[in-house]
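Everything below belongs to my_file-v5.cif, which stores mmCIF, C-alpha atoms.
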```
data_run
#
loop_
_atom_site.label_atom_id
_atom_site.label_comp_id
_atom_site.auth_asym_id
_atom_site.auth_seq_id
_atom_site.Cartn_x
_atom_site.Cartn_y
_atom_site.Cartn_z
CA MET A 153 -22.10 -15.24 31.49
CA THR A 154 -24.84 -15.73 28.91
CA LEU A 155 -24.41 -16.64 25.25
CA GLN A 156 -25.53 -13.15 24.29
CA GLN A 157 -22.94 -11.57 26.57
CA LEU A 158 -20.19 -13.85 25.27
CA VAL A 159 -20.94 -13.02 21.64
CA GLN A 160 -21.10 -9.31 22.41
CA ALA A 161 -17.81 -9.36 24.30
CA SER A 162 -16.19 -11.34 21.48
CA ALA A 163 -17.48 -8.88 18.88
CA GLU A 164 -16.03 -5.97 20.85
CA GLN A 165 -12.70 -7.78 21.06
CA LEU A 166 -12.63 -8.34 17.29
CA THR A 167 -13.52 -4.70 16.65
CA GLN A 168 -10.82 -3.41 18.98
CA ALA A 169 -8.25 -5.67 17.31
CA GLY A 170 -9.10 -4.28 13.88
CA VAL A 171 -9.52 -7.62 12.14
CA PHE A 172 -10.86 -7.58 8.58
CA PHE A 173 -14.13 -9.22 7.57
CA GLY A 174 -15.19 -10.47 4.16
CA HIS A 175 -14.72 -14.22 4.18
CA GLY A 176 -18.27 -15.19 5.06
CA THR A 177 -19.24 -12.36 7.38
CA LEU A 178 -19.24 -8.59 7.02
CA ASN A 179 -19.18 -7.39 10.63
CA ALA A 180 -17.80 -8.19 14.06
CA HIS A 181 -21.07 -9.43 15.57
CA ASP A 182 -21.70 -12.01 12.84
CA GLU A 183 -18.09 -13.21 12.94
CA ALA A 184 -18.17 -13.49 16.72
CA ALA A 185 -21.46 -15.41 16.60
CA TRP A 186 -20.06 -17.80 14.00
CA LEU A 187 -16.89 -18.53 15.96
CA VAL A 188 -18.57 -18.80 19.35
CA LEU A 189 -21.39 -21.07 18.16
CA TRP A 190 -18.96 -23.27 16.24
CA ARG A 191 -16.63 -23.57 19.22
CA LEU A 192 -19.55 -24.49 21.49
CA GLY A 193 -20.85 -27.08 19.02
CA LEU A 194 -24.13 -25.24 18.50
CA PRO A 195 -25.96 -24.92 15.16
CA LEU A 196 -25.15 -21.64 13.44
CA ASP A 197 -28.83 -20.69 13.36
CA THR A 198 -29.01 -20.86 17.17
CA ASP A 199 -30.66 -17.83 18.76
CA ILE A 200 -28.15 -15.64 20.56
CA ASP A 201 -30.08 -15.73 23.82
CA GLU A 202 -29.68 -15.69 27.59
CA ARG A 203 -28.63 -19.32 28.06
CA THR A 204 -25.79 -19.73 30.53
CA ILE A 205 -22.30 -20.50 29.23
CA THR A 206 -20.00 -22.35 31.62
CA PRO A 207 -16.55 -20.97 32.49
CA GLU A 208 -14.94 -23.82 30.55
CA GLN A 209 -17.00 -23.02 27.45
CA GLN A 210 -16.17 -19.34 27.82
CA ALA A 211 -12.47 -20.16 27.89
CA GLN A 212 -12.76 -22.31 24.77
CA ALA A 213 -14.57 -19.59 22.85
CA ARG A 214 -12.17 -16.89 23.98
CA ALA A 215 -9.20 -18.99 22.87
CA LEU A 216 -10.66 -19.26 19.37
CA ILE A 217 -11.36 -15.51 19.21
CA GLU A 218 -7.78 -14.87 20.30
CA GLU A 219 -6.50 -17.21 17.59
CA ARG A 220 -8.56 -15.33 15.01
CA ILE A 221 -6.96 -12.07 16.15
CA THR A 222 -3.36 -13.22 16.47
CA SER A 223 -3.24 -15.35 13.32
CA ARG A 224 -5.31 -12.96 11.17
CA LYS A 225 -6.54 -16.06 9.33
CA PRO A 226 -10.09 -15.97 7.94
CA ALA A 227 -12.54 -17.64 10.30
CA ALA A 228 -13.24 -20.30 7.68
CA TYR A 229 -9.65 -21.53 7.98
CA LEU A 230 -10.12 -21.95 11.73
CA THR A 231 -13.44 -23.78 11.48
CA HIS A 232 -12.76 -25.50 8.12
CA GLU A 233 -16.31 -24.54 7.13
CA ALA A 234 -17.73 -22.15 4.56
CA TRP A 235 -21.08 -21.76 2.82
CA LEU A 236 -22.23 -20.58 -0.57
CA GLN A 237 -25.95 -20.22 -1.18
CA GLY A 238 -26.56 -22.17 2.00
CA VAL A 239 -24.50 -25.16 0.83
CA PRO A 240 -21.70 -26.23 3.20
CA PHE A 241 -18.12 -26.70 2.02
CA TYR A 242 -14.87 -27.81 3.59
CA VAL A 243 -11.99 -25.38 3.21
CA ASP A 244 -8.43 -25.00 4.46
CA GLU A 245 -5.36 -22.94 3.56
CA ARG A 246 -4.76 -24.92 0.35
CA ALA A 247 -7.61 -23.05 -1.39
CA ILE A 248 -9.14 -19.59 -1.11
CA VAL A 249 -12.24 -19.21 1.01
CA PRO A 250 -15.23 -19.69 -1.35
CA ARG A 251 -17.15 -16.46 -1.89
CA SER A 252 -17.65 -16.16 -5.63
CA LEU A 253 -20.59 -14.05 -6.78
CA ILE A 254 -21.05 -16.55 -9.60
CA ALA A 255 -22.79 -18.69 -6.98
CA GLU A 256 -25.63 -16.17 -6.95
CA VAL A 257 -26.27 -16.31 -10.70
CA LEU A 258 -26.22 -20.10 -10.56
CA ALA A 259 -28.78 -20.19 -7.77
CA ASP A 260 -31.19 -17.52 -9.01
CA GLY A 261 -31.40 -18.69 -12.62
CA THR A 262 -29.88 -15.51 -14.07
CA ILE A 263 -27.90 -17.34 -16.74
CA ASP A 264 -30.52 -19.97 -17.58
CA ALA A 265 -31.77 -17.90 -20.52
CA TRP A 266 -28.41 -18.43 -22.26
CA LEU A 267 -28.55 -22.20 -21.78
CA SER A 268 -30.59 -24.92 -23.49
CA GLU A 269 -31.21 -28.65 -23.51
CA HIS A 270 -27.88 -28.89 -25.33
CA THR A 271 -26.02 -27.60 -22.25
CA THR A 272 -24.53 -30.83 -20.98
CA GLU A 273 -20.83 -30.13 -20.39
CA VAL A 274 -19.92 -27.49 -17.81
CA LEU A 275 -16.41 -26.37 -16.84
CA ASP A 276 -15.57 -24.65 -13.57
CA LEU A 277 -12.13 -23.20 -14.30
CA CYS A 278 -10.02 -22.14 -11.29
CA THR A 279 -12.29 -24.35 -9.20
CA GLY A 280 -10.40 -23.89 -5.92
CA ASN A 281 -12.25 -25.89 -3.28
CA GLY A 282 -14.77 -27.04 -5.90
CA SER A 283 -17.71 -25.02 -4.61
CA LEU A 284 -18.91 -23.66 -7.95
CA ALA A 285 -18.55 -27.08 -9.56
CA VAL A 286 -20.74 -28.55 -6.82
CA LEU A 287 -23.31 -25.76 -7.10
CA ALA A 288 -23.48 -26.18 -10.88
CA ALA A 289 -24.05 -29.92 -10.51
CA LEU A 290 -26.79 -29.25 -7.95
CA ALA A 291 -28.41 -26.55 -10.10
CA TRP A 292 -28.53 -28.68 -13.26
CA PRO A 293 -28.85 -32.39 -12.40
CA GLU A 294 -28.54 -33.39 -16.07
CA VAL A 295 -25.07 -31.91 -16.70
CA GLN A 296 -21.56 -33.25 -16.30
CA VAL A 297 -19.11 -30.89 -14.64
CA THR A 298 -15.34 -30.59 -14.85
CA GLY A 299 -13.58 -28.72 -12.07
CA ALA A 300 -10.08 -27.61 -13.08
CA ASP A 301 -7.26 -25.84 -11.26
CA ILE A 302 -3.52 -25.38 -11.64
CA SER A 303 -3.04 -26.21 -7.96
CA PRO A 304 -2.99 -29.89 -6.93
CA ASP A 305 -3.44 -28.73 -3.34
CA ALA A 306 -6.66 -26.91 -4.23
CA LEU A 307 -7.88 -29.95 -6.14
CA ALA A 308 -7.30 -32.11 -3.05
CA VAL A 309 -9.69 -29.80 -1.17
CA ALA A 310 -12.13 -29.92 -4.09
CA ARG A 311 -12.07 -33.73 -3.91
CA ILE A 312 -13.22 -33.55 -0.29
CA ASN A 313 -16.21 -31.45 -1.30
CA VAL A 314 -17.14 -33.51 -4.35
CA ASP A 315 -17.11 -36.62 -2.18
CA ARG A 316 -18.95 -34.87 0.64
CA HIS A 317 -21.85 -34.07 -1.68
CA GLY A 318 -21.83 -37.49 -3.36
CA LEU A 319 -21.10 -36.08 -6.83
CA GLN A 320 -18.19 -38.32 -7.81
CA GLN A 321 -20.06 -39.62 -10.87
CA ARG A 322 -20.89 -36.15 -12.18
CA ILE A 323 -17.86 -34.01 -11.34
CA ALA A 324 -14.40 -34.75 -12.74
CA LEU A 325 -11.40 -32.91 -11.30
CA VAL A 326 -8.50 -32.04 -13.61
CA GLU A 327 -5.16 -30.34 -13.00
CA SER A 328 -4.70 -27.75 -15.72
CA ASP A 329 -2.82 -24.51 -16.30
CA GLY A 330 -5.68 -22.47 -17.66
CA LEU A 331 -7.30 -24.42 -20.48
CA SER A 332 -4.12 -26.25 -21.51
CA ALA A 333 -5.28 -29.71 -20.36
CA LEU A 334 -8.96 -29.14 -21.24
CA PRO A 335 -9.80 -29.85 -24.89
CA GLY A 336 -13.56 -29.52 -24.40
CA PRO A 337 -15.84 -28.70 -25.99
CA PHE A 338 -17.80 -27.14 -23.12
CA ASP A 339 -21.26 -25.64 -23.33
CA LEU A 340 -20.75 -23.42 -20.29
CA ILE A 341 -17.54 -22.19 -18.70
CA LEU A 342 -17.59 -20.69 -15.20
CA CYS A 343 -14.45 -18.90 -14.08
CA ASN A 344 -13.51 -16.99 -10.95
CA PRO A 345 -9.88 -16.37 -11.92
CA PRO A 346 -7.01 -14.59 -10.21
CA TYR A 347 -7.92 -10.99 -11.06
CA VAL A 348 -6.58 -8.76 -8.27
CA CYS A 349 -4.37 -6.04 -9.75
CA GLN A 350 -0.91 -5.39 -8.32
CA ALA A 351 -1.87 -2.13 -6.64
CA SER A 352 -4.67 -3.92 -4.79
CA MET A 353 -2.43 -6.88 -3.93
CA ASP A 354 0.01 -4.46 -2.30
CA VAL A 355 -2.59 -3.27 0.21
CA LEU A 356 -4.57 -6.46 0.87
CA PRO A 357 -5.52 -7.04 4.53
CA GLN A 358 -3.67 -9.85 6.28
CA GLU A 359 -6.73 -12.09 6.07
CA TYR A 360 -6.40 -12.18 2.28
CA ARG A 361 -2.65 -12.66 2.55
CA ALA A 362 -3.42 -15.92 4.37
CA GLU A 363 -4.93 -17.25 1.13
CA PRO A 364 -2.91 -18.71 -1.77
CA GLU A 365 -1.54 -15.78 -3.77
CA LEU A 366 -1.75 -17.89 -6.92
CA ALA A 367 -5.55 -17.72 -6.70
CA LEU A 368 -5.65 -13.95 -6.27
CA ALA A 369 -2.89 -12.11 -8.15
CA GLY A 370 -3.74 -11.21 -11.75
CA GLY A 371 -0.74 -9.09 -12.76
CA SER A 372 -0.34 -5.35 -13.06
CA ASP A 373 -3.94 -4.72 -14.17
CA GLY A 374 -5.43 -7.99 -12.94
CA MET A 375 -6.18 -9.21 -16.46
CA ASP A 376 -3.22 -11.53 -17.20
CA PHE A 377 -5.21 -14.75 -16.78
CA VAL A 378 -8.27 -13.31 -18.52
CA ARG A 379 -6.30 -12.34 -21.64
CA GLN A 380 -5.05 -15.90 -22.08
CA LEU A 381 -8.49 -17.30 -21.29
CA PHE A 382 -10.17 -15.22 -24.00
CA THR A 383 -7.53 -16.32 -26.50
CA ASP A 384 -7.92 -20.03 -25.71
CA ALA A 385 -11.61 -20.32 -24.85
CA PRO A 386 -13.33 -20.26 -28.28
CA SER A 387 -11.58 -23.46 -29.37
CA ARG A 388 -12.82 -25.19 -26.21
CA MET A 389 -16.43 -23.96 -26.50
CA SER A 390 -19.32 -25.55 -28.37
CA GLU A 391 -21.13 -23.48 -30.99
CA HIS A 392 -23.58 -21.75 -28.67
CA ALA A 393 -21.47 -21.85 -25.50
CA VAL A 394 -21.16 -19.00 -23.01
CA LEU A 395 -18.51 -18.04 -20.48
CA VAL A 396 -19.42 -16.54 -17.09
CA LEU A 397 -16.53 -14.60 -15.55
CA GLU A 398 -16.06 -12.84 -12.23
CA ILE A 399 -13.80 -9.78 -12.25
CA GLY A 400 -14.81 -8.31 -8.89
CA ASN A 401 -13.68 -4.73 -8.37
CA GLU A 402 -11.58 -4.70 -11.54
CA ALA A 403 -14.32 -3.57 -13.95
CA GLY A 404 -12.33 -0.52 -14.92
CA HIS A 405 -9.28 -2.56 -15.81
CA PHE A 406 -11.45 -5.09 -17.63
CA MET A 407 -13.09 -2.47 -19.83
CA ALA A 408 -9.74 -0.84 -20.53
CA ALA A 409 -8.27 -4.18 -21.60
CA PHE A 410 -11.25 -5.30 -23.71
CA PRO A 411 -13.04 -2.12 -24.85
CA GLU A 412 -14.56 -3.66 -27.99
CA LEU A 413 -15.73 -6.93 -26.46
CA GLU A 414 -19.50 -7.33 -26.26
CA VAL A 415 -20.49 -8.70 -22.85
CA ALA A 416 -23.60 -8.90 -20.68
CA TRP A 417 -23.14 -7.67 -17.10
CA LEU A 418 -25.08 -9.69 -14.53
CA ASP A 419 -26.73 -8.31 -11.40
CA THR A 420 -25.34 -9.57 -8.09
CA SER A 421 -25.54 -8.50 -4.47
CA ALA A 422 -22.29 -6.57 -5.02
CA GLY A 423 -23.61 -4.67 -8.03
CA ASP A 424 -23.89 -5.09 -11.79
CA ASP A 425 -20.18 -4.69 -12.62
CA GLN A 426 -18.68 -7.72 -10.87
CA VAL A 427 -19.75 -10.70 -13.01
CA LEU A 428 -20.17 -10.83 -16.78
CA LEU A 429 -21.27 -13.24 -19.47
CA VAL A 430 -19.71 -13.48 -22.92
CA THR A 431 -20.69 -15.74 -25.81
CA ARG A 432 -18.36 -17.74 -28.01
CA ASP A 433 -19.44 -15.65 -30.99
CA ALA A 434 -18.53 -12.44 -29.17
CA LEU A 435 -15.09 -13.82 -28.34
CA LEU A 436 -14.53 -14.88 -31.96
CA ASN A 437 -15.55 -11.46 -33.22
CA PHE A 438 -13.29 -9.75 -30.70
CA MET A 439 -10.30 -11.90 -31.57
CA ALA A 440 -10.82 -11.58 -35.35
#
```

Mind turning this structure into C-alpha coordinates?
Amino acid sequence: MTLQQLVQASAEQLTQAGVFFGHGTLNAHDEAAWLVLWRLGLPLDTDIDERTITPEQQAQARALIEERITSRKPAAYLTHEAWLQGVPFYVDERAIVPRSLIAEVLADGTIDAWLSEHTTEVLDLCTGNGSLAVLAALAWPEVQVTGADISPDALAVARINVDRHGLQQRIALVESDGLSALPGPFDLILCNPPYVCQASMDVLPQEYRAEPELALAGGSDGMDFVRQLFTDAPSRMSEHAVLVLEIGNEAGHFMAAFPELEVAWLDTSAGDDQVLLVTRDALLNFMA
(Lines of atoms letter the chains of each structure in order from A and count residues from 1; the text may use other names and numbers.)
(Lines give C-alpha, C1' and ligand atoms only; values in the text may rest on other atoms or scores of the structure.)
Protein backbone atom coordinates (compact mmCIF):
# COMPACT_ATOMS: atom_id res chain seq x y z
CA MET A 1 0.00 0.00 0.00
CA THR A 2 1.24 3.50 -0.80
CA LEU A 3 1.02 6.57 1.42
CA GLN A 4 -1.56 8.04 -0.93
CA GLN A 5 -3.70 4.91 -0.72
CA LEU A 6 -3.43 4.80 3.07
CA VAL A 7 -4.51 8.42 3.45
CA GLN A 8 -7.39 7.93 1.03
CA ALA A 9 -8.59 4.79 2.80
CA SER A 10 -8.33 6.55 6.16
CA ALA A 11 -10.30 9.53 4.87
CA GLU A 12 -13.06 7.23 3.62
CA GLN A 13 -13.15 5.53 7.02
CA LEU A 14 -13.50 8.87 8.82
CA THR A 15 -16.25 9.95 6.43
CA GLN A 16 -18.20 6.73 6.87
CA ALA A 17 -17.92 7.03 10.65
CA GLY A 18 -19.40 10.54 10.58
CA VAL A 19 -16.75 12.17 12.73
CA PHE A 20 -16.86 15.96 13.07
CA PHE A 21 -14.06 18.24 11.89
CA GLY A 22 -13.21 21.72 13.08
CA HIS A 23 -10.27 21.37 15.45
CA GLY A 24 -7.51 22.10 12.98
CA THR A 25 -8.92 20.53 9.84
CA LEU A 26 -12.16 20.98 7.93
CA ASN A 27 -12.44 17.75 5.95
CA ALA A 28 -11.74 14.04 6.10
CA HIS A 29 -8.75 14.06 3.74
CA ASP A 30 -6.84 16.71 5.71
CA GLU A 31 -7.60 15.00 9.02
CA ALA A 32 -6.53 11.62 7.66
CA ALA A 33 -3.31 13.10 6.28
CA TRP A 34 -2.54 14.75 9.62
CA LEU A 35 -3.09 11.58 11.64
CA VAL A 36 -1.31 9.26 9.22
CA LEU A 37 1.75 11.48 8.79
CA TRP A 38 1.99 12.08 12.54
CA ARG A 39 1.71 8.37 13.30
CA LEU A 40 4.41 7.57 10.74
CA GLY A 41 6.71 10.27 12.11
CA LEU A 42 6.70 12.22 8.86
CA PRO A 43 6.64 16.04 8.60
CA LEU A 44 3.11 17.35 8.10
CA ASP A 45 4.13 19.06 4.85
CA THR A 46 5.16 15.70 3.35
CA ASP A 47 3.78 15.09 -0.13
CA ILE A 48 1.06 12.45 -0.13
CA ASP A 49 2.78 10.36 -2.77
CA GLU A 50 3.34 6.80 -3.94
CA ARG A 51 5.97 5.79 -1.37
CA THR A 52 5.42 2.32 0.02
CA ILE A 53 4.06 1.95 3.56
CA THR A 54 4.96 -1.27 5.36
CA PRO A 55 2.26 -3.51 6.87
CA GLU A 56 3.46 -2.57 10.36
CA GLN A 57 3.16 1.15 9.58
CA GLN A 58 -0.27 0.58 8.06
CA ALA A 59 -1.41 -1.13 11.26
CA GLN A 60 -0.12 1.73 13.40
CA ALA A 61 -1.91 4.34 11.31
CA ARG A 62 -5.14 2.37 11.21
CA ALA A 63 -5.09 2.00 15.00
CA LEU A 64 -4.87 5.78 15.39
CA ILE A 65 -7.70 6.35 12.90
CA GLU A 66 -9.80 3.83 14.82
CA GLU A 67 -9.03 5.63 18.09
CA ARG A 68 -10.14 8.91 16.51
CA ILE A 69 -13.43 7.29 15.52
CA THR A 70 -14.19 5.40 18.71
CA SER A 71 -13.13 8.11 21.16
CA ARG A 72 -14.56 11.03 19.14
CA LYS A 73 -11.72 13.11 20.60
CA PRO A 74 -10.32 15.92 18.43
CA ALA A 75 -7.20 14.80 16.59
CA ALA A 76 -5.16 17.37 18.50
CA TYR A 77 -5.85 15.50 21.74
CA LEU A 78 -4.48 12.32 20.18
CA THR A 79 -1.34 13.93 18.78
CA HIS A 80 -0.93 16.60 21.50
CA GLU A 81 -0.18 19.07 18.70
CA ALA A 82 -2.03 22.08 17.33
CA TRP A 83 -1.05 25.11 15.28
CA LEU A 84 -2.18 28.71 15.09
CA GLN A 85 -0.76 30.89 12.33
CA GLY A 86 1.86 28.23 11.71
CA VAL A 87 3.09 28.29 15.32
CA PRO A 88 3.10 24.89 17.08
CA PHE A 89 1.47 24.38 20.47
CA TYR A 90 1.11 21.51 22.90
CA VAL A 91 -2.45 20.68 23.90
CA ASP A 92 -4.29 18.02 25.88
CA GLU A 93 -7.73 17.56 27.41
CA ARG A 94 -7.04 20.12 30.16
CA ALA A 95 -7.56 22.98 27.68
CA ILE A 96 -9.66 23.52 24.56
CA VAL A 97 -7.98 22.97 21.23
CA PRO A 98 -6.58 26.38 20.14
CA ARG A 99 -8.45 27.81 17.16
CA SER A 100 -9.25 31.41 18.07
CA LEU A 101 -9.80 33.79 15.17
CA ILE A 102 -8.06 36.45 17.26
CA ALA A 103 -4.84 34.78 16.10
CA GLU A 104 -5.54 36.08 12.60
CA VAL A 105 -5.89 39.72 13.63
CA LEU A 106 -2.70 39.44 15.66
CA ALA A 107 -0.76 38.06 12.72
CA ASP A 108 -2.07 40.31 9.94
CA GLY A 109 -1.73 43.61 11.81
CA THR A 110 -5.48 44.36 11.78
CA ILE A 111 -5.48 45.83 15.29
CA ASP A 112 -2.14 47.64 15.06
CA ALA A 113 -3.88 50.90 14.14
CA TRP A 114 -5.47 50.98 17.61
CA LEU A 115 -2.13 50.48 19.35
CA SER A 116 0.82 52.81 19.95
CA GLU A 117 4.25 52.98 21.50
CA HIS A 118 2.41 53.16 24.83
CA THR A 119 1.06 49.62 24.34
CA THR A 120 3.29 47.72 26.72
CA GLU A 121 0.98 45.60 28.89
CA VAL A 122 -1.15 42.97 27.15
CA LEU A 123 -3.64 40.61 28.81
CA ASP A 124 -4.81 37.35 27.26
CA LEU A 125 -7.90 36.56 29.33
CA CYS A 126 -9.21 32.97 29.18
CA THR A 127 -5.79 32.01 27.87
CA GLY A 128 -6.42 28.24 27.78
CA ASN A 129 -3.26 26.61 26.47
CA GLY A 130 -1.59 30.03 26.20
CA SER A 131 -1.55 30.22 22.42
CA LEU A 132 -2.80 33.79 22.06
CA ALA A 133 -0.44 34.97 24.79
CA VAL A 134 2.46 33.41 22.90
CA LEU A 135 1.33 34.88 19.57
CA ALA A 136 0.99 38.33 21.12
CA ALA A 137 4.49 38.12 22.57
CA LEU A 138 5.83 37.04 19.18
CA ALA A 139 3.91 39.77 17.33
CA TRP A 140 5.10 42.59 19.60
CA PRO A 141 8.56 41.83 21.03
CA GLU A 142 8.48 44.97 23.21
CA VAL A 143 5.37 44.07 25.26
CA GLN A 144 4.83 42.14 28.45
CA VAL A 145 1.98 39.66 28.38
CA THR A 146 -0.20 38.21 31.13
CA GLY A 147 -2.07 35.00 30.37
CA ALA A 148 -4.95 34.42 32.77
CA ASP A 149 -7.47 31.62 33.23
CA ILE A 150 -9.80 30.35 35.93
CA SER A 151 -8.57 26.80 35.34
CA PRO A 152 -5.28 25.73 36.97
CA ASP A 153 -5.28 22.73 34.62
CA ALA A 154 -5.38 24.99 31.57
CA LEU A 155 -2.62 27.15 33.03
CA ALA A 156 -0.45 24.04 33.44
CA VAL A 157 -0.80 23.48 29.68
CA ALA A 158 -0.10 27.16 29.04
CA ARG A 159 3.11 26.84 31.08
CA ILE A 160 4.30 24.09 28.73
CA ASN A 161 3.81 26.38 25.74
CA VAL A 162 5.36 29.45 27.33
CA ASP A 163 8.42 27.38 28.19
CA ARG A 164 8.46 25.71 24.79
CA HIS A 165 8.75 29.09 23.07
CA GLY A 166 11.25 30.47 25.57
CA LEU A 167 8.97 33.32 26.70
CA GLN A 168 9.20 32.87 30.46
CA GLN A 169 10.59 36.38 30.93
CA ARG A 170 7.80 38.04 28.94
CA ILE A 171 4.66 36.04 29.74
CA ALA A 172 3.28 35.76 33.27
CA LEU A 173 0.53 33.22 33.97
CA VAL A 174 -2.13 34.07 36.55
CA GLU A 175 -5.09 32.11 37.90
CA SER A 176 -8.08 34.45 37.89
CA ASP A 177 -11.86 34.25 37.78
CA GLY A 178 -12.44 36.80 35.05
CA LEU A 179 -10.58 39.97 35.98
CA SER A 180 -10.84 39.45 39.74
CA ALA A 181 -7.11 38.81 40.30
CA LEU A 182 -5.94 41.22 37.57
CA PRO A 183 -5.69 44.85 38.73
CA GLY A 184 -3.99 46.06 35.54
CA PRO A 185 -3.88 48.51 34.00
CA PHE A 186 -3.62 46.83 30.59
CA ASP A 187 -3.20 48.58 27.26
CA LEU A 188 -4.68 45.70 25.28
CA ILE A 189 -6.98 42.91 26.41
CA LEU A 190 -7.48 39.84 24.23
CA CYS A 191 -10.31 37.52 25.18
CA ASN A 192 -11.73 34.36 23.65
CA PRO A 193 -14.27 33.67 26.41
CA PRO A 194 -16.83 30.94 26.95
CA TYR A 195 -19.59 32.22 24.64
CA VAL A 196 -21.54 29.20 23.38
CA CYS A 197 -25.24 29.66 24.13
CA GLN A 198 -27.21 26.89 25.83
CA ALA A 199 -29.13 25.91 22.70
CA SER A 200 -25.84 25.40 20.86
CA MET A 201 -24.28 23.55 23.81
CA ASP A 202 -27.19 21.10 23.71
CA VAL A 203 -26.36 20.02 20.15
CA LEU A 204 -22.56 20.18 20.14
CA PRO A 205 -20.83 17.29 18.34
CA GLN A 206 -19.02 14.81 20.57
CA GLU A 207 -15.65 16.26 19.56
CA TYR A 208 -16.54 19.52 21.32
CA ARG A 209 -17.94 17.63 24.28
CA ALA A 210 -14.44 16.21 24.76
CA GLU A 211 -13.25 19.74 25.60
CA PRO A 212 -13.64 21.43 29.01
CA GLU A 213 -17.21 22.72 29.22
CA LEU A 214 -15.99 25.58 31.41
CA ALA A 215 -14.19 27.04 28.39
CA LEU A 216 -17.23 26.83 26.11
CA ALA A 217 -20.54 27.38 27.90
CA GLY A 218 -21.63 31.01 28.17
CA GLY A 219 -25.12 30.68 29.65
CA SER A 220 -28.53 30.91 28.05
CA ASP A 221 -27.50 33.49 25.43
CA GLY A 222 -23.75 32.93 25.61
CA MET A 223 -23.09 36.38 27.06
CA ASP A 224 -22.77 35.68 30.82
CA PHE A 225 -18.98 36.06 30.90
CA VAL A 226 -19.02 39.00 28.50
CA ARG A 227 -21.48 40.98 30.65
CA GLN A 228 -19.20 40.72 33.68
CA LEU A 229 -16.15 41.46 31.54
CA PHE A 230 -17.63 44.70 30.21
CA THR A 231 -18.54 45.76 33.74
CA ASP A 232 -15.07 45.09 35.15
CA ALA A 233 -12.80 45.92 32.21
CA PRO A 234 -12.71 49.75 32.20
CA SER A 235 -11.12 49.86 35.66
CA ARG A 236 -8.39 47.51 34.45
CA MET A 237 -7.68 49.38 31.20
CA SER A 238 -5.30 52.27 30.61
CA GLU A 239 -6.69 55.48 29.14
CA HIS A 240 -6.43 54.53 25.47
CA ALA A 241 -6.73 50.75 25.89
CA VAL A 242 -8.77 48.48 23.64
CA LEU A 243 -10.36 45.08 24.13
CA VAL A 244 -10.45 42.47 21.34
CA LEU A 245 -13.20 39.90 21.87
CA GLU A 246 -14.22 36.76 19.99
CA ILE A 247 -17.93 35.90 20.05
CA GLY A 248 -17.95 33.36 17.21
CA ASN A 249 -21.41 32.52 15.92
CA GLU A 250 -23.16 34.46 18.69
CA ALA A 251 -23.24 37.86 16.95
CA GLY A 252 -27.01 37.97 17.17
CA HIS A 253 -27.00 37.37 20.90
CA PHE A 254 -24.17 39.87 21.34
CA MET A 255 -26.02 42.65 19.54
CA ALA A 256 -29.21 41.87 21.44
CA ALA A 257 -27.36 42.08 24.75
CA PHE A 258 -25.38 45.24 23.93
CA PRO A 259 -27.40 47.16 21.31
CA GLU A 260 -26.01 50.58 22.21
CA LEU A 261 -22.35 49.61 22.51
CA GLU A 262 -20.09 51.06 19.82
CA VAL A 263 -17.72 48.38 18.52
CA ALA A 264 -15.55 47.78 15.46
CA TRP A 265 -16.06 44.41 13.77
CA LEU A 266 -12.86 42.87 12.42
CA ASP A 267 -12.54 40.82 9.23
CA THR A 268 -11.48 37.20 9.69
CA SER A 269 -11.51 34.06 7.57
CA ALA A 270 -14.87 33.20 9.18
CA GLY A 271 -16.45 36.55 8.31
CA ASP A 272 -16.75 40.04 9.77
CA ASP A 273 -19.10 39.19 12.66
CA GLN A 274 -16.93 36.86 14.75
CA VAL A 275 -14.34 39.15 16.37
CA LEU A 276 -14.81 42.71 17.57
CA LEU A 277 -12.80 45.53 19.08
CA VAL A 278 -14.11 47.94 21.71
CA THR A 279 -12.33 50.89 23.30
CA ARG A 280 -12.27 51.79 26.97
CA ASP A 281 -14.12 55.01 26.18
CA ALA A 282 -16.89 53.08 24.43
CA LEU A 283 -17.27 50.79 27.43
CA LEU A 284 -17.42 53.77 29.81
CA ASN A 285 -20.05 55.46 27.68
CA PHE A 286 -22.08 52.27 27.48
CA MET A 287 -21.95 51.68 31.23
CA ALA A 288 -22.76 55.31 32.11

Tell me, as a list in words, which residues lie within 8 Å of segment 200-203 of chain A, counting only C-alpha atoms; anything in the same chain fewer than 5 positions away does not count.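 With the cut-off at 8 Å, the set is Thr154, Leu155, Gln156, Gln157, Val159 and Ala185 of chain A.
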
Counting only C-alpha atoms, what is within 8 Å of Ala234 of chain A, bar same-chain residues fewer than 2 positions away, as a list of chain:residue names?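 These residues fall inside the cut-off: A:Gly176, A:Ala228, A:His232, A:Leu236, A:Pro240, A:Phe241, A:Tyr242, A:Val243, A:Val249, A:Pro250.
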
Selected residues written out with C-alpha atoms, as an mmCIF file, in the frame of the given file:
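The result, stored in selection_9.cif:
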```
data_model
loop_
_atom_site.group_PDB
_atom_site.id
_atom_site.type_symbol
_atom_site.label_atom_id
_atom_site.label_comp_id
_atom_site.auth_asym_id
_atom_site.auth_seq_id
_atom_site.Cartn_x
_atom_site.Cartn_y
_atom_site.Cartn_z
ATOM 1 C CA GLY A 176 -18.270 -15.190 5.060
ATOM 2 C CA ALA A 228 -13.240 -20.300 7.680
ATOM 3 C CA HIS A 232 -12.760 -25.500 8.120
ATOM 4 C CA LEU A 236 -22.230 -20.580 -0.570
ATOM 5 C CA PRO A 240 -21.700 -26.230 3.200
ATOM 6 C CA PHE A 241 -18.120 -26.700 2.020
ATOM 7 C CA TYR A 242 -14.870 -27.810 3.590
ATOM 8 C CA VAL A 243 -11.990 -25.380 3.210
ATOM 9 C CA VAL A 249 -12.240 -19.210 1.010
ATOM 10 C CA PRO A 250 -15.230 -19.690 -1.350
#
```

Please provide as a PyMOL selection string all residues within 10 Å of Pro346 of chain A, with the sequence filter that same-chain residues fewer than 2 positions apart are discarded (counting all atoms listed in the file). chain A and resi 278+343-344+348-349+365-371+374-378+398-399

Need the shell around Arg220 of chain A: protein/DNA/RNA residues with any atom at most 9 Å away, counting all atoms listed in the file. Skip same-chain ones fewer than 5 positions apart. Format as a CSV table (one decimal) with C-alpha atoms, in the frame of the given file?
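What landed in selection_28.csv:
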```csv
chain,number,residue,atom,x,y,z
A,166,LEU,CA,-12.6,-8.3,17.3
A,171,VAL,CA,-9.5,-7.6,12.1
A,187,LEU,CA,-16.9,-18.5,16.0
A,215,ALA,CA,-9.2,-19.0,22.9
A,225,LYS,CA,-6.5,-16.1,9.3
A,226,PRO,CA,-10.1,-16.0,7.9
A,227,ALA,CA,-12.5,-17.6,10.3
A,230,LEU,CA,-10.1,-22.0,11.7
```

Using only C-alpha atoms, which residues sit within 9 Å of Val274 of chain A once same-chain residues fewer than 5 positions away are excluded, as a list in words?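 Residues meeting the cut-off are Ala285, Ala288, Ala289, Val295, Gln296, Val297, Thr298, Gly299, Phe338, Asp339, Leu340, Ile341 and Leu342 of chain A.
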
Return the single residue from A:Gly174, A:Val396, A:Pro364, A:Gln160 that is closest to Leu277 of chain A, with distances computed using only C-alpha atoms. A:Val396

Counting all atoms listed in the file, write as a list of chain:residue names all protein and nucleic acid residues lying at most 6 Å from (-24.1, -14.7, -13.0) in the file's frame.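 Taken together, the residues in range are A:Ile254, A:Val257, A:Thr262, A:Ile263, A:Leu418, A:Val427.
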